[in-house]
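Chemist: Provided below: structure-v1.txt, containing compact mmCIF, C-alpha atoms.
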# COMPACT_ATOMS: atom_id res chain seq x y z
CA MET V 1 -223.27 64.16 10.97
CA LYS V 2 -221.24 66.63 12.90
CA ARG V 3 -219.54 65.13 15.91
CA GLY V 4 -220.39 68.12 18.06
CA HIS V 5 -224.02 67.59 17.27
CA MET V 6 -223.77 63.93 18.16
CA LYS V 7 -222.37 64.79 21.58
CA THR V 8 -225.25 67.17 22.11
CA TYR V 9 -227.79 64.56 21.03
CA ARG V 10 -226.41 62.04 23.48
CA PHE V 11 -226.47 64.56 26.28
CA VAL V 12 -229.98 65.76 25.55
CA ALA V 13 -231.31 62.23 25.03
CA ALA V 14 -229.85 61.13 28.35
CA LEU V 15 -231.36 64.16 30.02
CA GLY V 16 -234.73 63.36 28.48
CA VAL V 17 -234.70 59.78 29.68
CA ALA V 18 -233.72 60.81 33.17
CA ALA V 19 -236.46 63.36 33.31
CA ALA V 20 -238.94 60.94 31.73
CA THR V 21 -240.61 63.83 30.03
CA GLY V 22 -242.39 62.50 27.02
CA ALA V 23 -242.85 65.89 25.44
CA LEU V 24 -239.15 66.62 25.56
CA LEU V 25 -238.28 63.17 24.29
CA SER V 26 -240.53 63.56 21.31
CA VAL V 27 -238.43 66.49 20.23
CA VAL V 28 -234.91 65.48 21.07
CA ALA V 29 -234.62 61.67 20.97
CA PRO V 30 -233.17 60.88 17.54
CA LEU V 31 -234.20 57.57 16.01
CA GLY V 32 -230.64 57.15 14.86
CA ALA V 33 -229.62 56.54 18.44
CA GLN V 34 -231.14 53.10 17.98
CA GLY V 35 -228.22 51.95 15.90
CA ARG V 36 -226.28 49.06 17.37
CA GLY V 37 -222.84 50.45 16.74
CA GLY V 38 -221.18 51.28 20.00
CA ALA V 39 -217.69 52.67 20.01
CA PRO V 40 -215.97 52.35 16.63
CA PRO V 41 -212.90 50.18 16.43
CA ALA V 42 -209.58 51.98 16.33
CA VAL V 43 -208.89 50.43 12.95
CA ILE V 44 -211.05 48.55 10.50
CA PRO V 45 -210.20 44.88 11.01
CA PRO V 46 -208.94 42.80 8.09
CA GLU V 47 -211.38 40.56 6.31
CA GLY V 48 -211.81 37.37 8.28
CA PRO V 49 -214.21 35.18 10.21
CA ALA V 50 -216.98 37.05 12.01
CA LYS V 51 -216.97 37.28 15.77
CA GLY V 52 -219.85 35.24 17.14
CA PRO V 53 -222.95 34.03 15.32
CA ILE V 54 -224.23 36.02 12.36
CA PRO V 55 -227.49 35.84 10.39
CA ARG V 56 -227.32 33.18 7.68
CA LEU V 57 -229.33 32.32 4.57
CA GLN V 58 -230.90 28.94 3.94
CA ASN V 59 -227.80 28.00 1.95
CA GLY V 60 -225.62 28.76 4.96
CA LYS V 61 -224.05 31.92 3.56
CA PRO V 62 -224.20 35.21 5.51
CA ASP V 63 -227.52 37.03 5.31
CA PHE V 64 -227.02 40.78 5.00
CA SER V 65 -230.72 41.63 5.22
CA GLY V 66 -231.46 44.68 7.33
CA THR V 67 -231.04 48.43 7.59
CA PHE V 68 -227.50 49.71 7.87
CA ASP V 69 -226.06 53.08 8.69
CA HIS V 70 -223.00 54.09 6.71
CA PRO V 71 -220.36 56.80 6.93
CA ARG V 72 -221.13 59.97 5.04
CA VAL V 73 -218.43 59.94 2.40
CA GLY V 74 -218.49 63.11 0.39
CA ASP V 75 -215.04 62.58 -1.07
CA ILE V 76 -213.44 59.20 -1.73
CA THR V 77 -210.01 60.70 -1.07
CA ARG V 78 -210.85 61.60 2.53
CA PRO V 79 -211.53 59.48 5.60
CA ALA V 80 -214.80 59.83 7.48
CA ASN V 81 -216.01 59.07 10.97
CA GLY V 82 -219.56 58.88 12.21
CA CYS V 83 -222.74 57.59 10.65
CA ALA V 84 -225.03 59.40 8.25
CA GLY V 85 -228.14 58.33 10.15
CA GLY V 86 -226.91 59.14 13.64
CA SER V 87 -225.68 55.71 14.76
CA GLU V 88 -222.24 55.23 16.22
CA GLY V 89 -219.42 53.17 14.84
CA CYS V 90 -219.28 54.03 11.13
CA VAL V 91 -215.80 54.53 9.73
CA ALA V 92 -214.37 55.14 6.26
CA VAL V 93 -210.73 55.03 5.24
CA THR V 94 -209.15 55.49 1.85
CA ASP V 95 -205.84 54.47 0.30
CA THR V 96 -205.76 57.54 -1.93
CA SER V 97 -205.38 61.12 -0.75
CA GLU V 98 -205.20 62.52 -4.26
CA ILE V 99 -206.48 60.94 -7.45
CA SER V 100 -203.82 60.28 -10.06
CA PHE V 101 -205.51 61.20 -13.32
CA THR V 102 -204.58 60.23 -16.82
CA PRO V 103 -204.39 63.22 -19.20
CA ALA V 104 -207.90 62.40 -20.39
CA GLY V 105 -209.18 62.16 -16.83
CA ALA V 106 -207.50 65.40 -15.79
CA ALA V 107 -209.02 67.21 -18.72
CA GLU V 108 -212.49 65.90 -17.92
CA GLN V 109 -212.15 66.67 -14.23
CA LYS V 110 -211.22 70.29 -14.96
CA LYS V 111 -214.31 70.99 -17.01
CA GLU V 112 -216.60 73.53 -15.35
CA PRO V 113 -219.37 73.94 -14.64
CA LYS V 114 -220.39 70.35 -14.06
CA PHE V 115 -224.01 69.39 -14.44
CA ASP V 116 -225.39 68.84 -10.95
CA TYR V 117 -227.60 65.92 -11.87
CA GLY V 118 -228.67 65.34 -8.29
CA LEU V 119 -230.26 68.75 -8.16
CA TRP V 120 -232.55 67.63 -10.96
CA CYS V 121 -233.48 64.49 -9.04
CA LEU V 122 -231.65 62.12 -11.33
CA PRO V 123 -230.19 58.96 -9.77
CA TRP V 124 -227.14 59.57 -7.61
CA GLY V 125 -225.18 56.76 -9.20
CA TYR V 126 -223.92 53.52 -7.77
CA THR V 127 -220.97 54.43 -5.57
CA ARG V 128 -222.38 57.78 -4.46
CA SER V 129 -225.68 56.28 -3.33
CA THR V 130 -223.93 54.35 -0.55
CA GLN V 131 -222.19 57.54 0.61
CA THR V 132 -225.24 59.76 1.14
CA PRO V 133 -226.64 61.46 4.25
CA TYR V 134 -229.17 58.62 4.55
CA PRO V 135 -228.82 54.94 5.49
CA HIS V 136 -229.29 52.02 3.14
CA GLY V 137 -230.54 48.46 3.48
CA TYR V 138 -230.39 44.99 1.99
CA MET V 139 -232.92 42.27 1.23
CA HIS V 140 -231.03 39.06 0.73
CA ASN V 141 -231.80 35.49 -0.31
CA ASN V 142 -229.93 32.60 -1.86
CA THR V 143 -230.04 34.05 -5.36
CA HIS V 144 -230.08 37.83 -5.05
CA LEU V 145 -229.05 40.80 -2.96
CA ALA V 146 -231.35 43.80 -3.30
CA ILE V 147 -229.64 47.05 -2.32
CA LEU V 148 -232.16 49.59 -1.02
CA TRP V 149 -230.99 53.17 -0.75
CA GLU V 150 -232.99 55.67 1.26
CA GLN V 151 -231.51 58.31 -1.04
CA ASP V 152 -234.20 58.73 -3.69
CA ASN V 153 -235.68 55.40 -2.47
CA PHE V 154 -233.70 53.78 -5.25
CA PHE V 155 -232.82 50.09 -5.52
CA HIS V 156 -230.36 47.83 -7.33
CA MET V 157 -230.45 44.06 -7.85
CA VAL V 158 -227.36 41.90 -7.59
CA PRO V 159 -227.71 38.33 -8.87
CA ILE V 160 -225.56 35.91 -6.90
CA ASP V 161 -224.98 33.12 -9.36
CA GLY V 162 -221.24 33.13 -9.78
CA LYS V 163 -221.43 34.18 -13.41
CA PRO V 164 -218.67 36.57 -14.46
CA LEU V 165 -219.54 40.16 -15.27
CA PRO V 166 -219.19 40.86 -19.01
CA PRO V 167 -216.81 43.63 -20.11
CA ASN V 168 -218.24 47.14 -20.09
CA ALA V 169 -218.40 47.17 -23.88
CA ASP V 170 -220.95 44.36 -23.72
CA LEU V 171 -223.13 46.00 -21.06
CA GLU V 172 -225.93 48.46 -21.63
CA PRO V 173 -224.80 51.71 -19.97
CA THR V 174 -227.03 52.62 -17.02
CA TRP V 175 -227.08 54.96 -14.03
CA MET V 176 -226.44 52.18 -11.52
CA GLY V 177 -224.57 49.72 -13.71
CA THR V 178 -224.90 45.96 -13.90
CA SER V 179 -223.70 43.70 -11.11
CA ALA V 180 -222.56 40.12 -10.71
CA GLY V 181 -222.25 38.53 -7.28
CA ARG V 182 -220.29 35.56 -6.04
CA TRP V 183 -219.14 34.13 -2.72
CA GLU V 184 -215.57 33.81 -1.54
CA GLY V 185 -216.07 31.96 1.75
CA ASP V 186 -218.28 34.21 3.85
CA THR V 187 -217.46 37.30 1.80
CA LEU V 188 -219.95 38.46 -0.82
CA VAL V 189 -218.06 39.87 -3.80
CA ILE V 190 -219.99 42.19 -6.10
CA GLU V 191 -218.46 43.27 -9.37
CA THR V 192 -220.25 46.10 -11.15
CA GLY V 193 -219.71 47.83 -14.49
CA GLY V 194 -221.57 49.23 -17.44
CA PHE V 195 -222.15 52.70 -16.02
CA HIS V 196 -222.79 55.63 -18.24
CA PRO V 197 -220.58 58.46 -17.03
CA LYS V 198 -223.41 60.85 -16.18
CA THR V 199 -222.91 60.60 -12.44
CA TRP V 200 -219.99 61.28 -10.11
CA VAL V 201 -218.07 58.85 -7.93
CA ASP V 202 -218.78 61.11 -4.97
CA SER V 203 -220.22 64.47 -4.03
CA ALA V 204 -216.84 66.09 -4.52
CA GLU V 205 -217.73 65.82 -8.21
CA HIS V 206 -215.05 63.29 -9.15
CA VAL V 207 -215.85 62.12 -12.64
CA PHE V 208 -215.33 58.70 -14.22
CA SER V 209 -215.33 57.23 -17.71
CA ASP V 210 -217.13 54.44 -19.51
CA GLN V 211 -214.35 52.12 -18.35
CA PHE V 212 -215.20 52.54 -14.67
CA ARG V 213 -215.72 49.31 -12.70
CA THR V 214 -216.15 48.50 -9.02
CA VAL V 215 -215.53 45.47 -6.84
CA GLU V 216 -217.24 45.46 -3.44
CA ARG V 217 -216.49 42.94 -0.71
CA LEU V 218 -219.03 42.60 2.09
CA SER V 219 -218.32 40.55 5.17
CA TYR V 220 -219.55 40.56 8.74
CA ILE V 221 -217.23 41.75 11.50
CA ASP V 222 -219.96 40.63 13.89
CA LYS V 223 -223.72 40.38 13.58
CA ASP V 224 -224.18 44.17 13.71
CA HIS V 225 -221.17 45.42 11.74
CA ILE V 226 -220.38 44.93 8.07
CA ARG V 227 -216.88 45.39 6.72
CA TYR V 228 -217.26 46.99 3.30
CA GLU V 229 -214.38 47.22 0.87
CA LEU V 230 -214.82 49.15 -2.37
CA THR V 231 -212.19 49.04 -5.10
CA MET V 232 -212.72 51.35 -8.06
CA THR V 233 -210.81 51.16 -11.33
CA ASP V 234 -210.92 53.45 -14.32
CA PRO V 235 -207.96 52.88 -16.65
CA LYS V 236 -209.19 55.62 -18.96
CA PHE V 237 -209.28 58.37 -16.32
CA TRP V 238 -207.17 57.07 -13.41
CA THR V 239 -203.64 55.68 -13.43
CA LYS V 240 -204.33 53.33 -10.54
CA PRO V 241 -207.28 51.88 -8.60
CA ILE V 242 -208.72 53.54 -5.51
CA LYS V 243 -209.75 51.51 -2.50
CA ASN V 244 -212.11 52.65 0.27
CA THR V 245 -212.82 50.48 3.30
CA ARG V 246 -215.75 51.21 5.57
CA ILE V 247 -217.80 49.90 8.47
CA PHE V 248 -221.59 49.81 8.25
CA VAL V 249 -223.66 49.54 11.42
CA ARG V 250 -226.98 47.70 11.75
CA MET V 251 -229.92 49.92 12.66
CA ASP V 252 -233.15 49.01 14.40
CA THR V 253 -235.08 51.61 12.44
CA PRO V 254 -236.67 51.08 9.03
CA LEU V 255 -235.70 52.90 5.90
CA LEU V 256 -237.80 56.02 5.48
CA GLU V 257 -239.50 57.74 2.60
CA TYR V 258 -237.63 60.27 0.50
CA SER V 259 -238.72 62.25 -2.53
CA CYS V 260 -236.40 64.60 -4.38
CA GLU V 261 -239.13 66.16 -6.48
CA GLU V 262 -241.71 67.13 -3.85
CA ASN V 263 -240.62 70.65 -2.92
CA ASN V 264 -237.51 71.15 -4.97
CA LYS V 265 -237.26 74.91 -4.75
CA GLU V 266 -233.88 75.02 -6.41
CA ILE V 267 -235.49 73.87 -9.61
CA ARG V 268 -238.82 75.61 -9.27
CA GLU V 269 -237.46 78.94 -8.12
CA GLY V 270 -234.14 78.78 -9.90
CA PHE V 271 -231.56 79.53 -7.26
CA TYR V 272 -228.94 78.56 -9.79
CA LEU V 273 -230.13 80.82 -12.52
CA GLU V 274 -228.63 84.19 -13.32
CA ASP V 275 -232.12 85.65 -13.56
CA ASN V 276 -233.12 84.32 -10.16
CA PRO V 277 -236.21 86.33 -9.28
CA LEU V 278 -235.19 86.25 -5.62
CA LYS V 279 -231.91 87.98 -6.37
CA LYS V 280 -231.76 91.49 -4.98
CA MET G 281 -232.03 91.59 15.95
CA ARG G 282 -229.46 91.89 13.27
CA THR G 283 -227.68 90.02 10.56
CA LYS G 284 -224.04 89.14 10.92
CA PHE G 285 -221.68 87.92 8.26
CA ALA G 286 -218.39 86.39 9.12
CA LEU G 287 -215.53 85.24 6.95
CA SER G 288 -213.62 82.63 8.88
CA ILE G 289 -210.83 80.13 8.44
CA ALA G 290 -213.32 77.45 9.33
CA GLY G 291 -215.55 78.64 6.57
CA LEU G 292 -212.75 78.54 4.09
CA LEU G 293 -211.91 75.01 5.12
CA LEU G 294 -215.53 73.97 4.73
CA ALA G 295 -215.62 75.42 1.26
CA ALA G 296 -212.48 73.57 0.29
CA ALA G 297 -213.93 70.34 1.62
CA ALA G 298 -216.66 70.32 -1.01
CA PRO G 299 -219.53 70.22 1.46
CA VAL G 300 -222.57 68.42 0.29
CA LEU G 301 -226.28 68.34 0.85
CA ALA G 302 -228.97 65.82 0.39
CA HIS G 303 -229.71 66.28 -3.27
CA HIS G 304 -227.56 69.00 -4.68
CA SER G 305 -224.04 70.27 -4.51
CA PHE G 306 -223.74 72.65 -1.57
CA SER G 307 -221.17 74.81 -3.30
CA ALA G 308 -223.44 75.34 -6.29
CA VAL G 309 -226.01 77.18 -4.19
CA PHE G 310 -224.42 78.33 -0.95
CA ASP G 311 -221.19 80.01 0.07
CA ALA G 312 -219.74 78.33 3.16
CA THR G 313 -217.57 81.40 3.79
CA LYS G 314 -220.61 83.66 4.16
CA LYS G 315 -221.88 82.65 7.56
CA VAL G 316 -225.15 84.13 8.72
CA SER G 317 -226.49 84.41 12.23
CA LEU G 318 -230.13 85.44 12.19
CA THR G 319 -232.92 85.88 14.68
CA GLY G 320 -236.48 86.31 13.54
CA THR G 321 -240.10 85.27 13.68
CA VAL G 322 -241.32 82.25 11.72
CA THR G 323 -243.92 83.05 9.07
CA LYS G 324 -244.11 79.66 7.35
CA PHE G 325 -242.73 76.12 7.74
CA GLU G 326 -242.64 73.58 4.92
CA TRP G 327 -242.01 70.04 6.18
CA ALA G 328 -241.30 68.48 2.79
CA ASN G 329 -238.69 66.73 0.68
CA PRO G 330 -236.02 67.08 -0.46
CA HIS G 331 -235.33 69.88 2.03
CA ILE G 332 -237.47 71.47 4.66
CA TRP G 333 -237.85 75.21 4.25
CA PHE G 334 -238.73 77.76 6.85
CA TYR G 335 -239.46 81.42 6.33
CA PHE G 336 -238.96 84.10 8.92
CA ASP G 337 -238.90 87.88 9.30
CA VAL G 338 -235.73 89.46 10.63
CA LYS G 339 -235.88 92.94 12.07
CA GLU G 340 -232.86 94.94 10.96
CA ALA G 341 -231.06 97.53 13.06
CA ASN G 342 -232.74 100.34 11.12
CA GLY G 343 -236.19 99.02 11.97
CA SER G 344 -236.92 97.50 8.59
CA VAL G 345 -237.99 93.88 8.28
CA ALA G 346 -236.18 91.47 5.96
CA ALA G 347 -237.88 88.27 4.85
CA TRP G 348 -235.52 85.28 4.93
CA GLN G 349 -235.87 81.68 3.82
CA CYS G 350 -233.60 78.86 4.89
CA GLU G 351 -233.43 75.21 4.01
CA GLY G 352 -232.65 72.24 6.22
CA GLY G 353 -232.22 68.54 5.55
CA ALA G 354 -234.87 66.16 4.30
CA PRO G 355 -237.61 64.96 6.68
CA ASN G 356 -236.20 61.41 6.75
CA SER G 357 -232.87 62.74 7.96
CA LEU G 358 -234.38 65.27 10.34
CA VAL G 359 -236.67 62.74 12.04
CA ARG G 360 -233.50 60.94 13.09
CA ARG G 361 -232.17 64.23 14.43
CA GLY G 362 -235.15 65.06 16.58
CA TRP G 363 -237.22 67.20 14.25
CA ASN G 364 -240.86 66.63 13.37
CA LYS G 365 -243.61 68.42 11.50
CA ASN G 366 -244.40 70.45 14.63
CA SER G 367 -240.86 71.54 15.36
CA LEU G 368 -241.51 75.04 14.09
CA LYS G 369 -244.73 77.03 14.16
CA THR G 370 -245.77 80.37 12.76
CA GLY G 371 -244.93 83.01 15.34
CA ASP G 372 -242.00 81.12 16.88
CA VAL G 373 -238.93 83.24 17.48
CA ILE G 374 -235.87 81.38 16.24
CA SER G 375 -232.14 81.88 15.96
CA VAL G 376 -230.54 80.38 12.88
CA GLU G 377 -226.90 79.68 12.05
CA GLY G 378 -226.14 78.93 8.45
CA SER G 379 -224.50 79.79 5.15
CA ARG G 380 -225.91 82.37 2.74
CA ALA G 381 -226.88 81.65 -0.85
CA LYS G 382 -224.34 82.60 -3.47
CA ASP G 383 -226.88 84.63 -5.39
CA GLY G 384 -227.06 87.17 -2.57
CA SER G 385 -230.72 86.64 -1.86
CA ASN G 386 -232.00 86.31 1.70
CA THR G 387 -231.63 82.55 1.47
CA CYS G 388 -229.53 80.28 3.61
CA SER G 389 -228.61 76.70 4.34
CA ALA G 390 -229.23 76.26 8.05
CA ASN G 391 -226.77 74.39 10.21
CA SER G 392 -228.76 74.80 13.39
CA VAL G 393 -231.95 76.35 14.67
CA LYS G 394 -232.67 77.40 18.23
CA THR G 395 -236.15 78.22 19.41
CA SER G 396 -236.90 80.91 21.96
CA ASP G 397 -237.63 78.30 24.63
CA GLY G 398 -234.14 76.94 24.28
CA LYS G 399 -234.75 73.91 22.08
CA GLN G 400 -231.75 73.31 19.85
CA LEU G 401 -232.70 71.75 16.55
CA PHE G 402 -230.36 70.70 13.85
CA SER G 403 -230.74 70.95 10.16
CA GLY G 404 -228.98 67.78 9.10
CA GLN G 405 -227.12 69.88 6.56
CA ALA G 406 -223.93 67.89 6.90
CA GLN G 407 -221.04 69.80 5.42
CA GLN G 408 -218.91 66.77 4.97
CA PRO G 409 -216.17 65.77 5.40
Show the structure stored in the file as structure tokens.
Modeler:
Amino acid sequence: MKRGHMKTYRFVAALGVAAATGALLSVVAPLGAQGRGGAPPAVIPPEGPAKGPIPRLQNGKPDFSGTFDHPRVGDITRPANGCAGGSEGCVAVTDTSEISFTPAGAAEQKKEPKFDYGLWCLPWGYTRSTQTPYPHGYMHNNTHLAILWEQDNFFHMVPIDGKPLPPNADLEPTWMGTSAGRWEGDTLVIETGGFHPKTWVDSAEHVFSDQFRTVERLSYIDKDHIRYELTMTDPKFWTKPIKNTRIFVRMDTPLLEYSCEENNKEIREGFYLEDNPLKK
Amino acid sequence: MRTKFALSIAGLLLAAAAPVLAHHSFSAVFDATKKVSLTGTVTKFEWANPHIWFYFDVKEANGSVAAWQCEGGAPNSLVRRGWNKNSLKTGDVISVEGSRAKDGSNTCSANSVKTSDGKQLFSGQAQQP
């Protein structure tokens, strides 16, 4: 979300409340304002004990169930401020300003044009789905974490049984990969691999290989803020890992419906095609 | 009412930043350096996924009428930004700021929409970062 827009939303929403004009409110009051973020911290705090009480599962571990707004990360080599869904307090930082490619990775990255799989309503891929313009959510119990993305209304199941994740060579390649979860204190650690390289790491079209793996670390900063650390490795395409650290903000709104196929004019009317009938 | 195109440093920066939309790569369809500023009368409004589309007639300086179509974000995103299915109606006079399609057609990605009664609506077309 553009910061200028956010300022305008706040101003108009405040005006609407003051005027108590229901008609105006119905137009200008964004649901995203119901996020519980508040002012973002100057820096993302290190992983550590949460401030105050947090939701907990029956087994005593943190319960991440809920809807969360996240920063819109279009490029894993750039920081981001602001939340995709209009809440306040989302932050993203990165330890890499430029990807260091192996020769194989550089060659693959240079290939053009790249197939824009998202245009064709194919799954966005694991890392990119948590970086979209729309929030995500979790359903959590003692044995599983279900990740629910508003983007394409897609989901992913993470078993939390402490079993190690097999090497990529032993995993069936999929769009969203295969995950294994375990606890380190109050931090949920999710290791994921077994992706087929048909997606991108981000919307900046950064490619990855069949050796790509991720490790995510989720921990509560407080009951309404999740510290999210994502470490990505790809020894085939990258010379070193890339780490992104982000803050997610709890929202009071539900996840909403999304369908990529419904009125996809780019496909139906061929904006991409050389023989676009709309072309003058 | 007229159509303006502007090449700006800001536009160049946006293009370099690999702006992105809800389901497709922004740069594959639209040119962030070709800014459009349009005023016209709504002829049709499609409140649907994965992008809303609205159609409007723009009267050119020479008196001719050009039919334009512009896309915004998805309804789930726009609801959070204050839009709803009644935000635009046939006959509404609107002012649109956006980026033109690369193919040169009268198609744009809208950044903002302003109605004649002063309501400022936003497209949710985040050109991030």
Chemist: Extract, using all atoms listed in the file, all DNA, RNA and protein residues at most 7 Å from Thr143 of chain V, discarding same-chain residues fewer than 5 positions from it, and format them as a list in words.
Modeler: Pro159, Ile160 and Asp161 of chain V
Chemist: I'd like the interatomic distance between atom CA of Thr187 of chain V and atom CA of Ile54 of chain V, to a tenth of an Å.
Modeler: 12.6 Å
Chemist: Can you work out the spacing between atom CA of Ala390 of chain G and atom CA of Ile332 of chain G in Å, to one decimal?
Modeler: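 It comes out at 10.1 Å.
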Chemist: Excluding Gly352 of chain G and its own-chain neighbours fewer than 2 positions away, which residues fall within 12 Å of it when counting all atoms listed in the file? Please give them as a ChimeraX atom specification.
Modeler: /G:301-303,306,325-335,349-350,354-359,361,363,376-379,387-393,401-407
Chemist: Return the single residue from G:Lys399, G:Lys394, G:Arg380, G:Lys369 that is closest to Ser307 of chain G, with distances computed using all atoms listed in the file.
Modeler: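 Closest candidate: G:Arg380.
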Chemist: Considering only C-alpha atoms, state which residue in the set G:Trp348, G:Glu340, G:Gly384, G:Lys324 is at the smallest distance from Asn366 of chain G.
Modeler: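 Closest residue, counting only C-alpha atoms: G:Lys324.
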Chemist: Which protein, DNA or RNA residues have an atom at most 9 Å from (-224.4, 39.4, 3.1), counting all atoms listed in the file? List them as an MDAnalysis selection string.
Modeler: chainID V and resid 55:57 61:65 138 140 145 186:188 218:220 226
Chemist: Given only C-alpha atoms as the basis, pick out the residue of G:Ala346, G:Leu368, G:Ala308, G:Ala381 nearest to Glu205 of chain V.
Modeler: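 Checking each candidate against Glu205 of chain V, we get G:Ala308 as the closest.
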Chemist: What does the distance from atom CA of Lys163 of chain V to atom CA of Asp95 of chain V come to in Å, to one decimal?
Modeler: 29.0 Å
Chemist: I need segment 46-65 of chain V from the structure I supplied, saved as a tab-separated table (two decimals), in the first residue's frame with N, CA and C atoms retained.
Modeler:
chain	number	residue	atom	x	y	z
V	46	PRO	N	15.09	-8.72	18.12
V	46	PRO	CA	15.63	-10.07	17.99
V	46	PRO	C	14.65	-11.09	18.54
V	47	GLU	N	14.83	-12.32	18.11
V	47	GLU	CA	13.95	-13.39	18.59
V	47	GLU	C	14.13	-13.53	20.10
V	48	GLY	N	13.02	-13.61	20.81
V	48	GLY	CA	13.12	-13.72	22.26
V	48	GLY	C	11.75	-13.89	22.86
V	49	PRO	N	11.67	-13.89	24.17
V	49	PRO	CA	10.38	-14.06	24.83
V	49	PRO	C	9.40	-12.97	24.43
V	50	ALA	N	8.13	-13.35	24.27
V	50	ALA	CA	7.10	-12.38	23.91
V	50	ALA	C	6.81	-11.45	25.08
V	51	LYS	N	6.39	-10.24	24.71
V	51	LYS	CA	5.98	-9.29	25.74
V	51	LYS	C	4.53	-9.59	26.12
V	52	GLY	N	4.29	-9.89	27.36
V	52	GLY	CA	2.93	-10.14	27.83
V	52	GLY	C	2.41	-11.50	27.42
V	53	PRO	N	1.18	-11.78	27.81
V	53	PRO	CA	0.58	-13.09	27.48
V	53	PRO	C	0.30	-13.20	25.98
V	54	ILE	N	0.43	-14.40	25.47
V	54	ILE	CA	0.14	-14.69	24.06
V	54	ILE	C	-0.80	-15.89	23.98
V	55	PRO	N	-1.52	-16.04	22.88
V	55	PRO	CA	-2.37	-17.24	22.75
V	55	PRO	C	-1.52	-18.50	22.76
V	56	ARG	N	-2.03	-19.54	23.43
V	56	ARG	CA	-1.26	-20.78	23.52
V	56	ARG	C	-2.15	-21.98	23.20
V	57	LEU	N	-1.53	-23.01	22.63
V	57	LEU	CA	-2.20	-24.26	22.31
V	57	LEU	C	-2.41	-25.08	23.58
V	58	GLN	N	-3.13	-26.18	23.45
V	58	GLN	CA	-3.33	-27.05	24.60
V	58	GLN	C	-2.01	-27.59	25.13
V	59	ASN	N	-1.03	-27.76	24.23
V	59	ASN	CA	0.27	-28.28	24.68
V	59	ASN	C	1.18	-27.19	25.25
V	60	GLY	N	0.65	-25.98	25.33
V	60	GLY	CA	1.40	-24.89	25.94
V	60	GLY	C	2.25	-24.09	24.98
V	61	LYS	N	2.37	-24.55	23.74
V	61	LYS	CA	3.15	-23.82	22.75
V	61	LYS	C	2.34	-22.65	22.18
V	62	PRO	N	2.99	-21.64	21.61
V	62	PRO	CA	2.26	-20.51	21.04
V	62	PRO	C	1.26	-20.96	19.97
V	63	ASP	N	0.12	-20.31	19.98
V	63	ASP	CA	-0.94	-20.59	19.01
V	63	ASP	C	-0.98	-19.42	18.03
V	64	PHE	N	-0.63	-19.70	16.77
V	64	PHE	CA	-0.57	-18.62	15.78
V	64	PHE	C	-1.88	-18.46	15.01
V	65	SER	N	-2.93	-19.10	15.45
V	65	SER	CA	-4.21	-19.00	14.74
V	65	SER	C	-4.64	-17.54	14.61
